[in-house]
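Have a look at protein08.txt; it's compact mmCIF, C-alpha atoms:
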# COMPACT_ATOMS: atom_id res chain seq x y z
CA MET A 29 36.09 2.21 6.31
CA MET A 30 34.35 4.65 8.66
CA ARG A 31 31.92 1.92 9.71
CA HIS A 32 34.82 -0.37 10.54
CA LEU A 33 36.47 2.43 12.56
CA LEU A 34 33.28 3.03 14.58
CA LEU A 35 32.89 -0.69 15.23
CA GLY A 36 36.50 -0.91 16.42
CA LEU A 37 36.13 2.06 18.74
CA SER A 38 32.88 0.64 20.13
CA ALA A 39 34.56 -2.67 20.81
CA PHE A 40 37.44 -0.91 22.49
CA ALA A 41 35.09 1.23 24.68
CA LEU A 42 33.06 -1.83 25.74
CA ALA A 43 36.13 -3.87 26.52
CA VAL A 44 37.66 -1.39 28.94
CA PRO A 45 34.94 -1.37 31.67
CA ALA A 46 34.60 -5.14 31.55
CA THR A 47 38.29 -5.75 32.11
CA ALA A 48 38.74 -2.88 34.62
CA GLN A 49 36.73 -4.79 37.18
CA ARG A 50 39.35 -7.55 37.22
CA GLN A 51 42.12 -5.07 38.13
CA PRO A 52 44.76 -6.55 35.77
CA SER A 53 48.48 -6.00 36.32
CA PRO A 54 50.32 -3.27 34.37
CA GLU A 55 51.87 -5.92 32.03
CA GLN A 56 48.43 -7.35 31.22
CA ARG A 57 46.98 -3.90 30.58
CA ILE A 58 49.83 -3.03 28.22
CA ASP A 59 49.49 -6.33 26.32
CA ARG A 60 45.74 -5.86 26.00
CA LEU A 61 46.15 -2.27 24.71
CA GLU A 62 48.73 -3.44 22.16
CA ARG A 63 46.42 -6.19 20.90
CA GLN A 64 43.47 -3.83 20.65
CA THR A 65 45.59 -1.24 18.85
CA ARG A 66 46.81 -3.81 16.28
CA GLN A 67 43.26 -5.06 15.77
CA LEU A 68 42.03 -1.52 15.21
CA GLN A 69 44.85 -0.83 12.76
CA ARG A 70 44.02 -3.94 10.75
CA GLN A 71 40.37 -2.85 10.54
CA VAL A 72 41.12 0.74 9.59
CA PHE A 73 44.11 0.04 7.38
CA PRO A 74 43.49 -3.41 5.83
CA LYS A 75 46.22 -2.84 3.25
CA GLY A 76 48.96 -2.35 5.81
CA GLN A 77 50.31 -0.02 8.50
CA PRO A 78 50.22 3.73 7.68
CA ALA A 79 53.40 5.57 6.99
CA ASP A 80 53.29 7.74 10.10
CA THR A 81 53.31 4.69 12.38
CA ALA A 82 56.16 2.94 10.61
CA GLY A 83 59.18 2.35 12.74
CA VAL A 84 57.26 2.03 16.02
CA ASP A 85 58.63 -0.88 17.99
CA ASP A 86 55.76 -2.90 19.43
CA SER A 87 57.79 -6.02 20.13
CA PRO A 88 57.49 -7.80 23.51
CA ALA A 89 61.01 -6.65 24.40
CA ALA A 90 60.04 -3.00 23.94
CA SER A 91 56.92 -3.53 26.04
CA GLN A 92 59.04 -5.09 28.77
CA VAL A 93 61.30 -2.00 28.82
CA VAL A 94 58.26 0.24 29.27
CA VAL A 95 56.99 -1.94 32.11
CA VAL A 96 60.38 -1.82 33.86
CA ALA A 97 60.54 1.97 33.48
CA LEU A 98 57.05 2.36 34.93
CA SER A 99 57.89 0.00 37.78
CA ASN A 100 61.02 2.01 38.58
CA ARG A 101 59.02 5.24 38.63
CA ILE A 102 56.46 3.67 40.97
CA ASP A 103 59.25 2.46 43.28
CA ALA A 104 60.77 5.96 43.32
CA LEU A 105 57.41 7.52 44.18
CA GLU A 106 56.88 5.01 46.97
CA ARG A 107 60.31 5.83 48.42
CA GLN A 108 59.56 9.57 48.29
CA LEU A 109 56.21 9.02 49.96
CA ALA A 110 57.83 6.93 52.72
CA GLU A 111 60.46 9.65 53.28
CA MET A 112 57.77 12.38 53.49
CA THR A 113 55.81 10.25 55.95
CA ARG A 114 58.90 9.77 58.12
CA LEU A 115 59.67 13.52 58.13
CA ALA A 116 56.06 14.36 59.01
CA GLU A 117 56.15 11.94 61.96
CA GLU A 118 59.46 13.39 63.20
CA ASN A 119 58.13 16.95 62.95
CA GLY A 120 55.00 15.92 64.84
CA ASN A 121 57.11 14.42 67.62
CA ARG A 122 59.26 17.59 67.82
CA VAL A 123 56.18 19.82 68.06
CA ALA A 124 54.71 17.64 70.82
CA THR A 125 58.01 17.78 72.74
CA LEU A 126 58.20 21.58 72.42
CA GLU A 127 54.61 21.98 73.58
CA THR A 128 55.31 19.81 76.64
CA GLU A 129 58.44 21.79 77.52
CA LEU A 130 56.63 25.12 77.07
CA SER A 131 53.82 23.97 79.36
CA ARG A 132 56.35 22.89 81.99
CA LEU A 133 58.14 26.25 81.85
CA ARG A 134 54.87 28.13 82.22
CA THR A 135 53.89 26.04 85.23
CA ASP A 136 57.32 26.53 86.82
CA LEU A 137 57.19 30.31 86.26
CA ASP A 138 53.70 30.57 87.76
CA THR A 139 54.81 28.57 90.79
CA ARG A 140 57.82 30.82 91.35
CA LEU A 141 55.75 33.99 91.07
CA ARG A 142 53.17 32.70 93.55
CA ARG A 143 55.95 31.69 95.93
CA ILE A 144 57.47 35.19 95.78
CA GLU A 145 54.12 36.92 96.26
CA THR A 146 53.10 34.74 99.21
CA SER A 147 56.53 34.37 100.83
CA ALA A 148 56.52 34.78 104.57
CA PRO A 149 58.62 37.53 106.19
CA ALA A 150 62.17 36.56 106.99
CA GLU A 151 62.73 35.56 110.60
CA PRO A 152 65.19 37.66 112.62
CA ALA A 153 68.69 36.28 112.25
CA ALA A 154 70.28 34.64 115.23
CA ALA A 155 73.60 35.81 116.55
CA THR A 156 75.85 33.92 114.16
CA SER A 157 78.84 34.66 112.02
CA GLU A 158 76.68 35.02 108.86
CA PRO A 159 76.36 38.42 107.18
CA PRO A 160 73.68 40.60 108.81
CA THR A 161 70.16 40.51 107.40
CA GLU A 162 67.71 43.39 107.35
CA ALA A 163 66.59 42.45 110.89
CA ALA A 164 70.18 42.75 112.13
CA LEU A 165 70.97 46.05 110.42
CA PRO A 166 71.59 49.09 112.61
CA ALA A 167 68.59 51.14 113.59
CA GLU A 168 67.86 54.38 111.82
CA PRO A 169 69.80 57.11 113.67
CA LYS A 170 67.57 59.30 115.76
CA PRO A 171 67.26 62.69 114.13
CA ALA A 172 68.97 65.59 115.79
CA PRO A 173 66.61 67.76 117.80
CA ALA A 174 64.99 70.44 115.72
CA PRO A 175 66.20 73.97 116.26
CA LYS A 176 64.00 76.03 118.51
CA PRO A 177 61.29 77.57 116.34
CA VAL A 178 61.45 81.29 115.87
CA ARG A 179 57.69 81.62 115.64
CA THR A 180 54.65 79.53 116.31
CA GLY A 181 53.76 77.19 113.46
CA ASP A 182 57.30 77.21 112.00
CA VAL A 183 57.29 74.78 109.04
CA THR A 184 60.77 73.43 109.76
CA ALA A 185 60.03 72.62 113.39
CA ASP A 186 56.68 71.10 112.52
CA GLY A 187 58.29 68.86 109.88
CA GLU A 188 60.92 67.69 112.37
CA ALA A 189 58.24 66.89 114.92
CA ALA A 190 56.14 65.00 112.38
CA TYR A 191 59.13 62.89 111.34
CA ASP A 192 59.98 62.17 114.97
CA VAL A 193 56.46 60.80 115.53
CA GLY A 194 56.95 58.27 112.72
CA TYR A 195 60.46 57.44 113.94
CA GLN A 196 59.28 56.70 117.47
CA LEU A 197 56.52 54.44 116.16
CA TRP A 198 59.08 52.56 114.07
CA MET A 199 61.33 52.13 117.10
CA GLN A 200 58.36 50.68 119.00
CA LYS A 201 57.83 48.24 116.07
CA LYS A 202 54.40 49.65 115.38
CA TYR A 203 55.12 49.40 111.68
CA PRO A 204 51.69 50.12 110.11
CA GLN A 205 51.29 53.25 112.27
CA ALA A 206 54.85 54.29 111.51
CA VAL A 207 54.30 53.99 107.76
CA ALA A 208 51.12 56.07 107.96
CA ALA A 209 52.81 58.79 110.05
CA LEU A 210 55.90 58.96 107.85
CA ARG A 211 53.89 59.18 104.65
CA ALA A 212 51.70 61.87 106.17
CA MET A 213 54.83 63.84 107.07
CA ALA A 214 56.19 63.53 103.50
CA SER A 215 52.93 64.73 101.95
CA SER A 216 52.42 67.57 104.47
CA PHE A 217 55.96 68.99 104.18
CA PRO A 218 57.03 68.29 100.57
CA GLY A 219 60.04 70.62 100.64
CA HIS A 220 61.40 69.51 104.00
CA ARG A 221 64.83 67.87 104.23
CA ARG A 222 63.34 65.07 106.31
CA VAL A 223 61.13 63.93 103.41
CA SER A 224 63.97 61.76 102.13
CA TRP A 225 64.34 60.34 105.64
CA ALA A 226 60.61 59.72 106.01
CA ASN A 227 60.20 57.90 102.69
CA ASN A 228 63.28 55.78 103.37
CA LEU A 229 62.12 54.86 106.87
CA ALA A 230 58.64 54.03 105.57
CA GLY A 231 60.26 51.56 103.16
CA ARG A 232 62.27 50.03 105.98
CA ALA A 233 59.12 49.72 108.12
CA LEU A 234 57.41 47.83 105.28
CA LEU A 235 60.43 45.54 104.99
CA ASP A 236 60.52 44.95 108.76
CA SER A 237 56.81 44.09 108.74
CA GLY A 238 57.31 41.35 106.14
CA GLN A 239 56.23 43.22 103.00
CA PRO A 240 59.38 43.13 100.84
CA ARG A 241 57.56 43.86 97.56
CA ALA A 242 55.87 47.00 98.94
CA ALA A 243 59.16 47.97 100.59
CA ALA A 244 61.05 47.64 97.31
CA GLU A 245 58.52 49.86 95.54
CA ALA A 246 58.68 52.55 98.26
CA LEU A 247 62.48 52.54 98.44
CA LEU A 248 62.92 52.66 94.68
CA ALA A 249 60.45 55.57 94.47
CA ASN A 250 62.36 57.49 97.14
CA TYR A 251 65.65 57.02 95.28
CA ARG A 252 64.30 57.92 91.87
CA GLY A 253 62.13 60.76 93.10
CA ASN A 254 64.90 62.48 95.03
CA PRO A 255 68.33 61.00 94.18
CA LYS A 256 70.06 63.91 95.97
CA GLY A 257 68.12 63.38 99.18
CA GLU A 258 70.05 62.58 102.34
CA ARG A 259 68.65 59.06 102.56
CA ALA A 260 68.67 58.20 98.84
CA PRO A 261 71.80 56.01 99.25
CA ASP A 262 70.12 54.18 102.15
CA SER A 263 67.10 53.53 99.97
CA LEU A 264 69.30 51.83 97.35
CA PHE A 265 70.90 49.65 100.00
CA TYR A 266 67.60 48.59 101.56
CA LEU A 267 66.19 48.09 98.07
CA GLY A 268 68.86 45.42 97.69
CA GLN A 269 67.79 43.92 101.03
CA SER A 270 64.15 43.85 99.89
CA LEU A 271 65.12 42.12 96.65
CA MET A 272 67.05 39.51 98.60
CA ALA A 273 63.90 38.87 100.66
CA LEU A 274 62.10 38.36 97.33
CA LYS A 275 64.74 35.76 96.31
CA GLN A 276 66.14 37.97 93.55
CA PRO A 277 69.89 38.17 94.28
CA ALA A 278 70.81 39.26 90.73
CA GLN A 279 68.57 42.31 91.02
CA ALA A 280 69.93 43.01 94.50
CA CYS A 281 73.45 43.07 93.04
CA LYS A 282 72.32 45.68 90.53
CA ALA A 283 71.01 47.87 93.36
CA TYR A 284 74.32 47.56 95.26
CA ALA A 285 76.31 48.31 92.10
CA GLU A 286 74.26 51.44 91.41
CA LEU A 287 74.76 52.54 95.02
CA GLU A 288 78.53 52.38 94.61
CA GLU A 289 78.50 53.89 91.13
CA VAL A 290 76.24 56.86 91.92
CA TYR A 291 77.40 57.77 95.43
CA GLY A 292 80.91 56.33 95.70
CA SER A 293 82.81 57.99 98.54
CA GLY A 294 79.69 59.86 99.59
CA ILE A 295 78.19 56.74 101.18
CA ARG A 296 77.92 57.00 104.95
CA ALA A 297 80.58 55.06 106.86
CA ASP A 298 78.16 52.77 108.71
CA LEU A 299 76.31 52.01 105.48
CA ARG A 300 79.56 51.37 103.62
CA ALA A 301 80.61 48.88 106.31
CA LEU A 302 77.49 46.80 105.64
CA LEU A 303 77.91 46.70 101.87
CA PRO A 304 80.63 43.99 101.46
CA ALA A 305 78.70 41.42 103.52
CA ALA A 306 75.46 42.21 101.67
CA LYS A 307 77.16 41.79 98.28
CA ALA A 308 78.76 38.52 99.38
CA LYS A 309 75.42 37.14 100.54
CA ALA A 310 73.87 38.01 97.16
CA GLY A 311 76.81 36.43 95.29
CA CYS A 312 77.72 39.66 93.52
CA LYS A 313 80.83 39.59 91.36
Let me see whether you can do it: turn the structure in this file into structure tokens.
Amino acid sequence: MMRHLLLGLSAFALAVPATAQRQPSPEQRIDRLERQTRQLQRQVFPKGQPADTAGVDDSPAASQVVVVALSNRIDALERQLAEMTRLAEENGNRVATLETELSRLRTDLDTRLRRIETSAPAEPAAATSEPPTEAALPAEPKPAPAPKPVRTGDVTADGEAAYDVGYQLWMQKKYPQAVAALRAMASSFPGHRRVSWANNLAGRALLDSGQPRAAAEALLANYRGNPKGERAPDSLFYLGQSLMALKQPAQACKAYAELEEVYGSGIRADLRALLPAAKAKAGCK
């Protein structure tokens, strides 16, 4: 019996590689396996089928049911694979679209920043009915003459004289020299009341010379460094003007709003008269 079993197994092992090369269909493979199984059973159990295999349905109808079930499972797997392929393609298209949009936004942002940094100074406004620009704003009021010094080298008188030098240069439109003189005055007389004036006028000189970014930095520093200074409100107003020159109306509106909120009725009359037109030009709500 053992010899017959070995012979059957050997025949089965040799038959599989030979038939695998022909790539039979699933039905053919099932039929072949059933025939080989029955042949092996007849060799091992010549007196009949063993008890533990009784009741197994090996009829052609049962084989057909198995084939149909396997075919259905294969169809289901193919549908799932097709659906996964479709989703992968859609996700790839979405990622490509997002990358393109992100690249466009980066390029647009870089272009805007370069345009702001290299923008030319605003030309003086012509005499029209439009709201006044920074070139049409009233000149800085000439400081009152300093009181006669009590002694030679009086700090108060010297500070007034130093500020007047910067003021006169600004009036002559010698803006780089005016900025240098005004900053020298502020550093030489740190406790002087004209320091707020000097820093504010230095910011205005930068704005008038076509340097709105440097002007905005100087004006903001004057306001934050000495919010109780006499020209701190002016610095907020001209900060808004500088931001408008930088094409940032929303930020300019914030500067105007802070001016009204912080100083309210304490804003000088001539400065208050300019505020509505400036806010309208910026589109402030």
Taking all atoms listed in the file into account, produce a table as JSON lines in which each residue of segment 240-311 of chain A with an atom at most 10 Å from an atom of segment 214-222 of chain A appears once, together with its shortest atom pair and the distance in Å to one decimal, ordered by chain and rising number.
{"residue": "A:Gly257", "atom": "CA", "partner": "A:Arg221", "partner_atom": "CA", "distance": 7.5}
{"residue": "A:Glu258", "atom": "CA", "partner": "A:Arg221", "partner_atom": "CA", "distance": 7.7}
{"residue": "A:Arg259", "atom": "CA", "partner": "A:Arg222", "partner_atom": "CA", "distance": 8.9}
**Report entry** Spatial neighbours of Ala278 of chain A, 10 Å, only C-alpha atoms, chain gap at least 2 places, as a list in words
**Finding:**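 Neighbouring residues, sequence-local ones excluded: Gly268, Leu271, Met272, Lys275, Gln276, Ala280, Cys281, Lys282, Ala283, Ala310, Gly311 and Cys312 of chain A.
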Please save C-alpha atoms of the selected residues as an mmCIF file, in the coordinates of the input.
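Contents of again-v8.cif, as written:
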data_model
loop_
_atom_site.group_PDB
_atom_site.id
_atom_site.type_symbol
_atom_site.label_atom_id
_atom_site.label_comp_id
_atom_site.auth_asym_id
_atom_site.auth_seq_id
_atom_site.Cartn_x
_atom_site.Cartn_y
_atom_site.Cartn_z
ATOM 1 C CA GLY A 268 68.860 45.420 97.690
ATOM 2 C CA LEU A 271 65.120 42.120 96.650
ATOM 3 C CA MET A 272 67.050 39.510 98.600
ATOM 4 C CA LYS A 275 64.740 35.760 96.310
ATOM 5 C CA GLN A 276 66.140 37.970 93.550
ATOM 6 C CA ALA A 280 69.930 43.010 94.500
ATOM 7 C CA CYS A 281 73.450 43.070 93.040
ATOM 8 C CA LYS A 282 72.320 45.680 90.530
ATOM 9 C CA ALA A 283 71.010 47.870 93.360
ATOM 10 C CA ALA A 310 73.870 38.010 97.160
ATOM 11 C CA GLY A 311 76.810 36.430 95.290
ATOM 12 C CA CYS A 312 77.720 39.660 93.520
#
Query raised in the report: How far is it from atom CA of Pro261 of chain A to atom CA of Arg143 of chain A, in Å with one decimal?
Result: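 These atoms are spaced 29.2 Å apart.
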Report task. Would you mind reading off the distance between atom CA of Asp262 of chain A and atom CA of Asp186 of chain A, one decimal, in Å? Result -> 24.0 Å
**Report entry** Straight-line distance linking atom CA of Asp59 of chain A with atom CA of Arg101 of chain A, stated in Å to one decimal
**Finding:** 19.4 Å
Query raised in the report: Near Leu235 of chain A, within 7 Å and counting all atoms listed in the file, which residues show up once chain neighbours fewer than 5 positions away are dropped, as a PyMOL selection string?
Result: chain A and resi 240+243+270
Query raised in the report: Got a sec: who's within 8 Å of Met213 of chain A, counting all atoms listed in the file, leaving out chain neighbours fewer than 2 positions off, as a list in words?
Result: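 My list of contacting residues is Gly187, Ala190, Tyr191, Ala209, Leu210, Arg211, Ser215, Ser216, Phe217, Val223 and Ala226 of chain A.
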Box along x, y and z, 6 Å on every side, all listed atoms of segment 113-128 of chain A inside: centre and edge lengths in Å to one decimal, as lines of an AutoDock Vina configuration file.
center_x = 57.1
center_y = 15.9
center_z = 66.3
size_x = 17.1
size_y = 24.2
size_z = 32.7
Query raised in the report: Got a sec: who's within 9 Å of Val207 of chain A, counting all atoms listed in the file, leaving out chain neighbours fewer than 4 positions off, as an MDAnalysis selection string?
Result: chainID A and resid 194 197:198 202:203 211:212 226:227 229:231 233:234
Can I get the selected residues back with C-alpha atoms, as a PDB file, keeping the file's coordinate frame?
ATOM      1  CA  GLY A 194      56.950  58.270 112.720  1.00  0.00           C
ATOM      2  CA  LEU A 197      56.520  54.440 116.160  1.00  0.00           C
ATOM      3  CA  TRP A 198      59.080  52.560 114.070  1.00  0.00           C
ATOM      4  CA  LYS A 202      54.400  49.650 115.380  1.00  0.00           C
ATOM      5  CA  TYR A 203      55.120  49.400 111.680  1.00  0.00           C
ATOM      6  CA  ARG A 211      53.890  59.180 104.650  1.00  0.00           C
ATOM      7  CA  ALA A 212      51.700  61.870 106.170  1.00  0.00           C
ATOM      8  CA  ALA A 226      60.610  59.720 106.010  1.00  0.00           C
ATOM      9  CA  ASN A 227      60.200  57.900 102.690  1.00  0.00           C
ATOM     10  CA  LEU A 229      62.120  54.860 106.870  1.00  0.00           C
ATOM     11  CA  ALA A 230      58.640  54.030 105.570  1.00  0.00           C
ATOM     12  CA  GLY A 231      60.260  51.560 103.160  1.00  0.00           C
ATOM     13  CA  ALA A 233      59.120  49.720 108.120  1.00  0.00           C
ATOM     14  CA  LEU A 234      57.410  47.830 105.280  1.00  0.00           C
TER      15      LEU A 234
END
Report task. Please identify all polymer residues within 7 Å of Asn250 of chain A, counting only C-alpha atoms, omitting same-chain residues fewer than 2 positions from it, and present them as a ChimeraX atom specification. Result -> /A:224,227-228,246-248,252-254,260,263
Requested in this report: Choose the residue, out of A:Glu55, A:Arg114, A:Arg241, A:Thr125, that has the smallest atom-to-atom separation from Ser99 of chain A; count all atoms listed in the file.
Outcome: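 For Ser99 of chain A, the nearest of the given residues is A:Glu55.
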